[in-house]
$ cat upload10.pdb   # PDB, C-alpha atoms, pLDDT in the B column
ATOM      1  CA  MET A   1     -50.479  26.910  -8.689  1.00 61.00           C
ATOM      2  CA  LYS A   2     -49.295  25.643 -12.052  1.00 59.00           C
ATOM      3  CA  SER A   3     -46.892  28.564 -12.478  1.00 60.00           C
ATOM      4  CA  PHE A   4     -45.533  28.010  -8.966  1.00 48.00           C
ATOM      5  CA  PHE A   5     -44.894  24.346  -9.734  1.00 51.00           C
ATOM      6  CA  LEU A   6     -43.165  25.226 -13.017  1.00 44.00           C
ATOM      7  CA  SER A   7     -41.023  27.833 -11.227  1.00 49.00           C
ATOM      8  CA  VAL A   8     -39.915  25.275  -8.641  1.00 43.00           C
ATOM      9  CA  VAL A   9     -39.080  22.729 -11.343  1.00 42.00           C
ATOM     10  CA  PHE A  10     -37.168  25.356 -13.326  1.00 43.00           C
ATOM     11  CA  CYS A  11     -35.182  26.488 -10.260  1.00 39.00           C
ATOM     12  CA  LEU A  12     -34.398  22.913  -9.308  1.00 40.00           C
ATOM     13  CA  PHE A  13     -33.290  22.079 -12.845  1.00 45.00           C
ATOM     14  CA  THR A  14     -31.114  25.215 -13.014  1.00 40.00           C
ATOM     15  CA  PHE A  15     -29.541  24.426  -9.634  1.00 42.00           C
ATOM     16  CA  ILE A  16     -28.732  20.849 -10.655  1.00 46.00           C
ATOM     17  CA  ALA A  17     -27.416  21.838 -14.083  1.00 45.00           C
ATOM     18  CA  PHE A  18     -25.085  24.537 -12.786  1.00 43.00           C
ATOM     19  CA  SER A  19     -23.975  22.777  -9.626  1.00 50.00           C
ATOM     20  CA  GLN A  20     -22.565  19.736 -11.433  1.00 67.00           C
ATOM     21  CA  LYS A  21     -18.858  19.680 -10.876  1.00 85.00           C
ATOM     22  CA  MET A  22     -16.037  17.593 -12.111  1.00 90.00           C
ATOM     23  CA  TYR A  23     -13.800  16.406  -9.262  1.00 95.00           C
ATOM     24  CA  ILE A  24     -10.223  15.310  -9.846  1.00 95.00           C
ATOM     25  CA  TRP A  25      -7.888  13.780  -7.264  1.00 96.00           C
ATOM     26  CA  CYS A  26      -4.426  12.338  -7.806  1.00 96.00           C
ATOM     27  CA  PRO A  27      -4.411   8.556  -8.015  1.00 96.00           C
ATOM     28  CA  ASP A  28      -2.732   6.498  -5.321  1.00 94.00           C
ATOM     29  CA  GLU A  29       0.660   5.070  -6.211  1.00 93.00           C
ATOM     30  CA  LEU A  30       0.188   1.523  -7.458  1.00 93.00           C
ATOM     31  CA  GLU A  31       2.694  -1.254  -6.801  1.00 93.00           C
ATOM     32  CA  PRO A  32       2.671  -3.532  -9.848  1.00 94.00           C
ATOM     33  CA  VAL A  33       4.461  -6.855 -10.103  1.00 93.00           C
ATOM     34  CA  ALA A  34       7.777  -6.104 -11.811  1.00 94.00           C
ATOM     35  CA  GLN A  35       8.016  -7.662 -15.267  1.00 93.00           C
ATOM     36  CA  THR A  36      11.797  -8.098 -15.128  1.00 92.00           C
ATOM     37  CA  GLU A  37      11.953 -10.476 -18.110  1.00 93.00           C
ATOM     38  CA  LYS A  38      10.110  -8.056 -20.423  1.00 93.00           C
ATOM     39  CA  LEU A  39      11.858  -5.173 -22.160  1.00 94.00           C
ATOM     40  CA  ASN A  40      15.113  -6.220 -20.512  1.00 93.00           C
ATOM     41  CA  GLY A  41      17.650  -3.576 -21.578  1.00 93.00           C
ATOM     42  CA  THR A  42      15.345  -2.429 -24.377  1.00 96.00           C
ATOM     43  CA  LYS A  43      15.078   1.273 -25.194  1.00 97.00           C
ATOM     44  CA  VAL A  44      11.511   2.509 -25.039  1.00 97.00           C
ATOM     45  CA  TYR A  45      10.100   5.888 -25.928  1.00 98.00           C
ATOM     46  CA  LEU A  46       7.147   6.704 -23.643  1.00 97.00           C
ATOM     47  CA  ASN A  47       4.852   9.551 -24.661  1.00 98.00           C
ATOM     48  CA  ILE A  48       1.919  10.458 -22.412  1.00 98.00           C
ATOM     49  CA  GLN A  49      -0.360  13.332 -23.376  1.00 97.00           C
ATOM     50  CA  ASP A  50      -3.186  14.812 -21.359  1.00 97.00           C
ATOM     51  CA  SER A  51      -5.966  15.459 -23.900  1.00 96.00           C
ATOM     52  CA  ARG A  52      -8.857  15.788 -21.468  1.00 95.00           C
ATOM     53  CA  LEU A  53     -11.546  18.397 -22.003  1.00 90.00           C
ATOM     54  CA  LEU A  54     -12.211  19.923 -18.591  1.00 87.00           C
ATOM     55  CA  THR A  55     -15.168  22.065 -17.642  1.00 85.00           C
ATOM     56  CA  LYS A  56     -14.743  25.405 -15.896  1.00 88.00           C
ATOM     57  CA  ASN A  57     -16.934  24.074 -13.107  1.00 87.00           C
ATOM     58  CA  ARG A  58     -14.408  21.662 -11.583  1.00 87.00           C
ATOM     59  CA  LYS A  59     -12.552  21.065  -8.371  1.00 90.00           C
ATOM     60  CA  GLU A  60      -9.081  19.890  -9.229  1.00 88.00           C
ATOM     61  CA  LYS A  61      -6.715  18.497  -6.616  1.00 92.00           C
ATOM     62  CA  CYS A  62      -4.317  16.915  -9.093  1.00 94.00           C
ATOM     63  CA  SER A  63      -2.375  18.653 -11.843  1.00 95.00           C
ATOM     64  CA  SER A  64      -1.924  17.254 -15.312  1.00 96.00           C
ATOM     65  CA  ASP A  65       1.809  16.819 -14.630  1.00 97.00           C
ATOM     66  CA  ALA A  66       1.134  14.813 -11.459  1.00 97.00           C
ATOM     67  CA  LEU A  67      -1.321  12.551 -13.289  1.00 97.00           C
ATOM     68  CA  ILE A  68       1.158  11.923 -16.120  1.00 97.00           C
ATOM     69  CA  ALA A  69       3.935  11.253 -13.583  1.00 97.00           C
ATOM     70  CA  SER A  70       1.717   8.668 -11.890  1.00 97.00           C
ATOM     71  CA  ILE A  71       1.343   6.719 -15.157  1.00 97.00           C
ATOM     72  CA  GLU A  72       5.072   7.069 -15.902  1.00 97.00           C
ATOM     73  CA  ASN A  73       5.927   5.731 -12.430  1.00 97.00           C
ATOM     74  CA  LEU A  74       3.581   2.790 -12.903  1.00 97.00           C
ATOM     75  CA  LEU A  75       5.201   1.818 -16.203  1.00 97.00           C
ATOM     76  CA  SER A  76       8.764   2.262 -14.972  1.00 96.00           C
ATOM     77  CA  SER A  77       7.923   0.120 -11.911  1.00 96.00           C
ATOM     78  CA  SER A  78       6.266  -2.511 -14.091  1.00 97.00           C
ATOM     79  CA  TYR A  79       9.232  -2.710 -16.477  1.00 97.00           C
ATOM     80  CA  PRO A  80      12.248  -1.887 -14.293  1.00 97.00           C
ATOM     81  CA  ASN A  81      14.790  -3.233 -16.805  1.00 96.00           C
ATOM     82  CA  ALA A  82      13.513  -1.103 -19.687  1.00 96.00           C
ATOM     83  CA  LYS A  83      15.472   2.010 -20.607  1.00 96.00           C
ATOM     84  CA  PHE A  84      13.024   4.847 -21.149  1.00 97.00           C
ATOM     85  CA  VAL A  85      14.483   7.376 -23.586  1.00 96.00           C
ATOM     86  CA  SER A  86      13.456  10.586 -25.333  1.00 95.00           C
ATOM     87  CA  LYS A  87      12.000  10.567 -28.843  1.00 93.00           C
ATOM     88  CA  ASP A  88      15.196  11.805 -30.471  1.00 94.00           C
ATOM     89  CA  GLN A  89      17.183   8.876 -29.064  1.00 96.00           C
ATOM     90  CA  GLU A  90      17.302   5.507 -30.798  1.00 95.00           C
ATOM     91  CA  HIS A  91      14.609   3.175 -29.472  1.00 97.00           C
ATOM     92  CA  GLU A  92      12.971  -0.129 -30.357  1.00 97.00           C
ATOM     93  CA  TYR A  93       9.496   0.402 -28.871  1.00 97.00           C
ATOM     94  CA  GLU A  94       7.098   3.323 -28.615  1.00 97.00           C
ATOM     95  CA  ILE A  95       4.292   3.593 -26.105  1.00 98.00           C
ATOM     96  CA  ASN A  96       1.939   6.496 -26.836  1.00 98.00           C
ATOM     97  CA  ILE A  97      -0.829   7.176 -24.325  1.00 98.00           C
ATOM     98  CA  GLN A  98      -3.449   9.864 -24.798  1.00 98.00           C
ATOM     99  CA  LEU A  99      -5.453  10.431 -21.612  1.00 98.00           C
ATOM    100  CA  THR A 100      -8.946  11.528 -22.649  1.00 97.00           C
ATOM    101  CA  ALA A 101     -10.903  11.349 -19.367  1.00 97.00           C
ATOM    102  CA  TYR A 102     -10.098  11.237 -15.659  1.00 97.00           C
ATOM    103  CA  TYR A 103     -12.743  12.644 -13.303  1.00 96.00           C
ATOM    104  CA  SER A 104     -15.540  11.909 -10.875  1.00 95.00           C
ATOM    105  CA  GLU A 105     -18.939  13.490 -11.405  1.00 94.00           C
ATOM    106  CA  PHE A 106     -22.342  13.394  -9.744  1.00 92.00           C
ATOM    107  CA  HIS A 107     -25.227  12.158 -11.911  1.00 84.00           C
ATOM    108  CA  THR A 108     -28.764  11.205 -10.865  1.00 84.00           C
ATOM    109  CA  ALA A 109     -28.050  10.441  -7.193  1.00 87.00           C
ATOM    110  CA  ALA A 110     -24.814   8.551  -7.937  1.00 93.00           C
ATOM    111  CA  TRP A 111     -21.108   9.337  -8.215  1.00 94.00           C
ATOM    112  CA  LYS A 112     -19.426   8.152 -11.384  1.00 95.00           C
ATOM    113  CA  GLY A 113     -15.635   7.865 -11.661  1.00 96.00           C
ATOM    114  CA  LYS A 114     -14.282   7.629 -15.194  1.00 97.00           C
ATOM    115  CA  THR A 115     -10.851   6.980 -16.716  1.00 98.00           C
ATOM    116  CA  GLU A 116     -10.337   6.764 -20.489  1.00 98.00           C
ATOM    117  CA  MET A 117      -7.286   6.643 -22.718  1.00 98.00           C
ATOM    118  CA  ASN A 118      -6.154   5.782 -26.210  1.00 98.00           C
ATOM    119  CA  VAL A 119      -3.012   3.678 -26.415  1.00 98.00           C
ATOM    120  CA  GLU A 120      -0.736   3.041 -29.369  1.00 98.00           C
ATOM    121  CA  LEU A 121       2.077   0.493 -29.136  1.00 97.00           C
ATOM    122  CA  LYS A 122       4.799   0.173 -31.790  1.00 97.00           C
ATOM    123  CA  LYS A 123       7.739  -2.146 -32.323  1.00 96.00           C
ATOM    124  CA  LEU A 124       9.907  -0.312 -34.822  1.00 95.00           C
ATOM    125  CA  SER A 125      12.090  -3.250 -35.916  1.00 93.00           C
ATOM    126  CA  ASN A 126       9.221  -5.110 -37.607  1.00 95.00           C
ATOM    127  CA  ASP A 127       6.565  -2.371 -37.936  1.00 94.00           C
ATOM    128  CA  LYS A 128       4.271  -4.177 -35.485  1.00 96.00           C
ATOM    129  CA  LYS A 129       1.595  -1.797 -34.268  1.00 97.00           C
ATOM    130  CA  ALA A 130      -1.472  -2.017 -32.064  1.00 97.00           C
ATOM    131  CA  THR A 131      -4.008   0.539 -30.886  1.00 97.00           C
ATOM    132  CA  TYR A 132      -6.385   0.230 -27.962  1.00 97.00           C
ATOM    133  CA  GLU A 133      -9.130   2.264 -26.350  1.00 98.00           C
ATOM    134  CA  ILE A 134      -9.469   1.854 -22.611  1.00 98.00           C
ATOM    135  CA  SER A 135     -12.628   3.088 -20.923  1.00 97.00           C
ATOM    136  CA  LYS A 136     -13.364   2.236 -17.302  1.00 97.00           C
ATOM    137  CA  SER A 137     -16.002   3.667 -15.035  1.00 96.00           C
ATOM    138  CA  LYS A 138     -17.335   2.964 -11.582  1.00 95.00           C
ATOM    139  CA  SER A 139     -20.655   4.223 -10.258  1.00 93.00           C
ATOM    140  CA  ASN A 140     -22.168   4.047  -6.763  1.00 92.00           C
ATOM    141  CA  ALA A 141     -25.048   5.738  -5.003  1.00 92.00           C
ATOM    142  CA  ASN A 142     -24.228   8.829  -2.991  1.00 86.00           C
ATOM    143  CA  PHE A 143     -24.037   7.153   0.425  1.00 87.00           C
ATOM    144  CA  GLY A 144     -20.572   8.422   1.338  1.00 89.00           C
ATOM    145  CA  GLY A 145     -20.551  11.783  -0.421  1.00 88.00           C
ATOM    146  CA  MET A 146     -17.116  12.908  -1.584  1.00 90.00           C
ATOM    147  CA  LYS A 147     -15.547   9.735  -0.201  1.00 94.00           C
ATOM    148  CA  THR A 148     -17.672   7.749  -2.677  1.00 94.00           C
ATOM    149  CA  ALA A 149     -16.646  10.086  -5.502  1.00 94.00           C
ATOM    150  CA  LYS A 150     -12.945   9.689  -4.724  1.00 95.00           C
ATOM    151  CA  ASN A 151     -13.242   5.927  -4.291  1.00 95.00           C
ATOM    152  CA  ASN A 152     -15.048   5.513  -7.635  1.00 96.00           C
ATOM    153  CA  LEU A 153     -12.390   7.555  -9.423  1.00 96.00           C
ATOM    154  CA  LYS A 154      -9.664   5.458  -7.792  1.00 97.00           C
ATOM    155  CA  LYS A 155     -11.368   2.219  -8.852  1.00 97.00           C
ATOM    156  CA  SER A 156     -11.860   3.353 -12.453  1.00 97.00           C
ATOM    157  CA  TYR A 157      -8.187   4.397 -12.630  1.00 98.00           C
ATOM    158  CA  ASN A 158      -6.981   1.099 -11.149  1.00 97.00           C
ATOM    159  CA  LYS A 159      -9.064  -0.907 -13.642  1.00 98.00           C
ATOM    160  CA  ALA A 160      -7.740   1.186 -16.535  1.00 98.00           C
ATOM    161  CA  MET A 161      -4.125   0.682 -15.409  1.00 98.00           C
ATOM    162  CA  ILE A 162      -4.658  -3.089 -15.117  1.00 97.00           C
ATOM    163  CA  ASP A 163      -5.948  -3.099 -18.708  1.00 98.00           C
ATOM    164  CA  LEU A 164      -3.041  -0.922 -19.863  1.00 98.00           C
ATOM    165  CA  LEU A 165      -0.453  -3.295 -18.396  1.00 97.00           C
ATOM    166  CA  ALA A 166      -2.278  -6.340 -19.780  1.00 96.00           C
ATOM    167  CA  MET A 167      -2.330  -4.804 -23.273  1.00 97.00           C
ATOM    168  CA  ILE A 168       1.370  -3.973 -23.142  1.00 97.00           C
ATOM    169  CA  ASN A 169       2.233  -7.484 -21.924  1.00 96.00           C
ATOM    170  CA  GLN A 170       0.088  -9.055 -24.650  1.00 95.00           C
ATOM    171  CA  PHE A 171       1.794  -6.876 -27.268  1.00 96.00           C
ATOM    172  CA  LEU A 172       5.239  -7.915 -26.033  1.00 93.00           C
ATOM    173  CA  ASP A 173       4.452 -11.664 -26.130  1.00 86.00           C
TER     174      ASP A 173
END
$ encode --input "upload10.pdb" --output "structure tokens"
Amino acid sequence: MKSFFLSVVFCLFTFIAFSQKMYIWCPDELEPVAQTEKLNGTKVYLNIQDSRLLTKNRKEKCSSDALIASIENLLSSSYPNAKFVSKDQEHEYEINIQLTAYYSEFHTAAWKGKTEMNVELKKLSNDKKATYEISKSKSNANFGGMKTAKNNLKKSYNKAMIDLLAMINQFLD
């Protein structure tokens, strides 16, 4: 009986360990309030890198390029009067974003959505520099299945983008 019980526990543990998947969906387009008075006519170099470590056991419905484009669209909508330029062009500000996590995962009867990034802001004219770490997560019990997973990822992303915009605005003030 003891060996049967241990076999069941082992099989259950193996099933749970190998069935964990990372789920990734593209974020919804966000409509921020345009900050027309900030970065008005200013040249800004925007660098977004996807530095996530992804497991082989994942279900991905959003490419790295689409995720980066979503963040770029958010920033260009937030600062419509800024002129985003390439690194080799003259610019006054640099915004460097390193995306380190963006996924939803099932843990202990709950879905957890997580968005993390490192942000570096620079004003080249006076060597002002600031670095930030943004880490947002949302966790709910598995009542809605994949809908809960997607919703938690969306909420973690939205919270992270709110923090990103707040940090940029604070840096510019």
$ closest_residue --input "upload10.pdb" --among "A:Leu54, A:Leu30, A:Leu124, A:Ala166" --to "A:Glu92" --atoms "all atoms listed in the file"
A:Leu124
$ atom_distance --input "upload10.pdb" --atom1 "atom CA of A:Ser78" --atom2 "atom CA of A:Phe171"
14.6 Å
$ atom_distance --input "upload10.pdb" --atom1 "atom CA of A:Pro80" --atom2 "atom CA of A:Ile24"
28.6 Å
$ resolve_selection --input "upload10.pdb" --expression "the PyMOL selection byres ((chain A and resi 62) around 9)" --output "PDB file with C-alpha atoms, in the coordinates of the input"
ATOM      1  CA  ILE A  24     -10.223  15.310  -9.846  1.00 95.00           C
ATOM      2  CA  TRP A  25      -7.888  13.780  -7.264  1.00 96.00           C
ATOM      3  CA  CYS A  26      -4.426  12.338  -7.806  1.00 96.00           C
ATOM      4  CA  PRO A  27      -4.411   8.556  -8.015  1.00 96.00           C
ATOM      5  CA  GLU A  60      -9.081  19.890  -9.229  1.00 88.00           C
ATOM      6  CA  LYS A  61      -6.715  18.497  -6.616  1.00 92.00           C
ATOM      7  CA  SER A  63      -2.375  18.653 -11.843  1.00 95.00           C
ATOM      8  CA  SER A  64      -1.924  17.254 -15.312  1.00 96.00           C
ATOM      9  CA  ASP A  65       1.809  16.819 -14.630  1.00 97.00           C
ATOM     10  CA  ALA A  66       1.134  14.813 -11.459  1.00 97.00           C
ATOM     11  CA  LEU A  67      -1.321  12.551 -13.289  1.00 97.00           C
TER      12      LEU A  67
END
$ residues_around --input "upload10.pdb" --residues "stretch 138-152 of chain A" --least-positions-apart "6" --cutoff "8 Å" --atoms "all atoms listed in the file" --output "CSV table (one decimal) with C-alpha atoms, in the frame of the given file"
chain,number,residue,atom,x,y,z
A,23,TYR,CA,-13.8,16.4,-9.3
A,25,TRP,CA,-7.9,13.8,-7.3
A,104,SER,CA,-15.5,11.9,-10.9
A,105,GLU,CA,-18.9,13.5,-11.4
A,106,PHE,CA,-22.3,13.4,-9.7
A,109,ALA,CA,-28.0,10.4,-7.2
A,110,ALA,CA,-24.8,8.6,-7.9
A,111,TRP,CA,-21.1,9.3,-8.2
A,112,LYS,CA,-19.4,8.2,-11.4
A,113,GLY,CA,-15.6,7.9,-11.7
A,114,LYS,CA,-14.3,7.6,-15.2
$ closest_atom_pairs --input "upload10.pdb" --of "stretch 106-126 of chain A" --to "stretch 85-91 of chain A" --cutoff "12 Å" --atoms "all atoms listed in the file" --output "tab-separated table"
residue	atom	partner	partner_atom	distance
A:Lys122	CA	A:His91	CA	10.5
A:Lys123	CA	A:His91	CA	9.1
A:Leu124	CA	A:His91	CA	7.9
A:Ser125	CA	A:His91	CA	9.4
$ write_last_selection --input "upload10.pdb" --atoms "C-alpha atoms" --output "PDB file, in the frame of the given file"
ATOM      1  CA  LYS A 122       4.799   0.173 -31.790  1.00 97.00           C
ATOM      2  CA  LYS A 123       7.739  -2.146 -32.323  1.00 96.00           C
ATOM      3  CA  LEU A 124       9.907  -0.312 -34.822  1.00 95.00           C
ATOM      4  CA  SER A 125      12.090  -3.250 -35.916  1.00 93.00           C
TER       5      SER A 125
END
$ closest_residue --input "upload10.pdb" --among "A:Arg52, A:Ile68, A:Lys154, A:Tyr45" --to "A:Glu120" --atoms "only C-alpha atoms"
A:Tyr45
$ closest_residue --input "upload10.pdb" --among "A:Ile134, A:Ala82, A:Leu164, A:Met117" --to "A:Thr36" --atoms "all atoms listed in the file"
A:Ala82
$ atom_distance --input "upload10.pdb" --atom1 "atom CA of A:Asn81" --atom2 "atom CA of A:Lys43"
9.5 Å
$ axis_aligned_box --input "upload10.pdb" --around "stretch 64-79 of chain A" --padding-each-side "6 Å" --output "AutoDock Vina command-line options"
--center_x 3.7 --center_y 7.3 --center_z -14.0 --size_x 23.2 --size_y 32.0 --size_z 17.0
$ closest_residue --input "upload10.pdb" --among "A:Ile168, A:Met161, A:Leu153, A:Leu39" --to "A:Tyr103" --atoms "all atoms listed in the file"
A:Leu153
$ closest_residue --input "upload10.pdb" --among "A:Thr115, A:Val44, A:Tyr79, A:Asp50" --to "A:Asn169" --atoms "only C-alpha atoms"
A:Tyr79
$ closest_residue --input "upload10.pdb" --among "A:Ala69, A:Leu121, A:Ala101, A:Ile162" --to "A:Ser135" --atoms "only C-alpha atoms"
A:Ala101
$ build_atoms --input "upload10.pdb" --residues "stretch 48-72 of chain A" --atoms "N, CA and C atoms" --output "compact mmCIF listing (two decimals), in the coordinates of the input"
# COMPACT_ATOMS: atom_id res chain seq x y z
N ILE A 48 3.24 10.36 -23.04
CA ILE A 48 1.92 10.46 -22.41
C ILE A 48 1.42 11.89 -22.57
N GLN A 49 0.24 12.02 -23.16
CA GLN A 49 -0.36 13.33 -23.38
C GLN A 49 -1.68 13.42 -22.64
N ASP A 50 -1.92 14.55 -22.03
CA ASP A 50 -3.19 14.81 -21.36
C ASP A 50 -4.08 15.56 -22.34
N SER A 51 -5.06 14.87 -22.90
CA SER A 51 -5.97 15.46 -23.90
C SER A 51 -7.38 15.59 -23.37
N ARG A 52 -7.52 15.69 -22.06
CA ARG A 52 -8.86 15.79 -21.47
C ARG A 52 -9.48 17.15 -21.78
N LEU A 53 -10.79 17.15 -21.91
CA LEU A 53 -11.55 18.40 -22.00
C LEU A 53 -12.17 18.61 -20.64
N LEU A 54 -11.75 19.65 -19.95
CA LEU A 54 -12.21 19.92 -18.59
C LEU A 54 -13.19 21.09 -18.59
N THR A 55 -14.20 20.98 -17.76
CA THR A 55 -15.17 22.06 -17.64
C THR A 55 -14.62 23.14 -16.70
N LYS A 56 -15.14 24.33 -16.81
CA LYS A 56 -14.74 25.40 -15.90
C LYS A 56 -15.23 25.10 -14.48
N ASN A 57 -16.33 24.39 -14.40
CA ASN A 57 -16.93 24.07 -13.11
C ASN A 57 -16.33 22.76 -12.58
N ARG A 58 -15.10 22.85 -12.07
CA ARG A 58 -14.41 21.66 -11.58
C ARG A 58 -13.64 21.98 -10.32
N LYS A 59 -13.38 20.95 -9.57
CA LYS A 59 -12.55 21.06 -8.37
C LYS A 59 -11.39 20.10 -8.58
N GLU A 60 -10.25 20.67 -8.82
CA GLU A 60 -9.08 19.89 -9.23
C GLU A 60 -8.05 19.87 -8.11
N LYS A 61 -7.73 18.66 -7.65
CA LYS A 61 -6.72 18.50 -6.62
C LYS A 61 -5.53 17.70 -7.14
N CYS A 62 -5.41 17.64 -8.46
CA CYS A 62 -4.32 16.92 -9.09
C CYS A 62 -4.00 17.59 -10.43
N SER A 63 -2.78 17.99 -10.59
CA SER A 63 -2.38 18.65 -11.84
C SER A 63 -2.18 17.62 -12.95
N SER A 64 -2.17 18.10 -14.15
CA SER A 64 -1.92 17.25 -15.31
C SER A 64 -0.55 16.59 -15.20
N ASP A 65 0.46 17.36 -14.77
CA ASP A 65 1.81 16.82 -14.63
C ASP A 65 1.86 15.70 -13.60
N ALA A 66 1.14 15.85 -12.50
CA ALA A 66 1.13 14.81 -11.46
C ALA A 66 0.45 13.54 -11.96
N LEU A 67 -0.61 13.70 -12.73
CA LEU A 67 -1.32 12.55 -13.29
C LEU A 67 -0.44 11.80 -14.29
N ILE A 68 0.25 12.54 -15.15
CA ILE A 68 1.16 11.92 -16.12
C ILE A 68 2.30 11.22 -15.39
N ALA A 69 2.84 11.85 -14.36
CA ALA A 69 3.94 11.25 -13.58
C ALA A 69 3.49 9.95 -12.92
N SER A 70 2.24 9.89 -12.50
CA SER A 70 1.72 8.67 -11.89
C SER A 70 1.73 7.51 -12.88
N ILE A 71 1.34 7.76 -14.12
CA ILE A 71 1.34 6.72 -15.16
C ILE A 71 2.78 6.35 -15.51
N GLU A 72 3.65 7.35 -15.62
CA GLU A 72 5.07 7.07 -15.90
C GLU A 72 5.69 6.20 -14.81
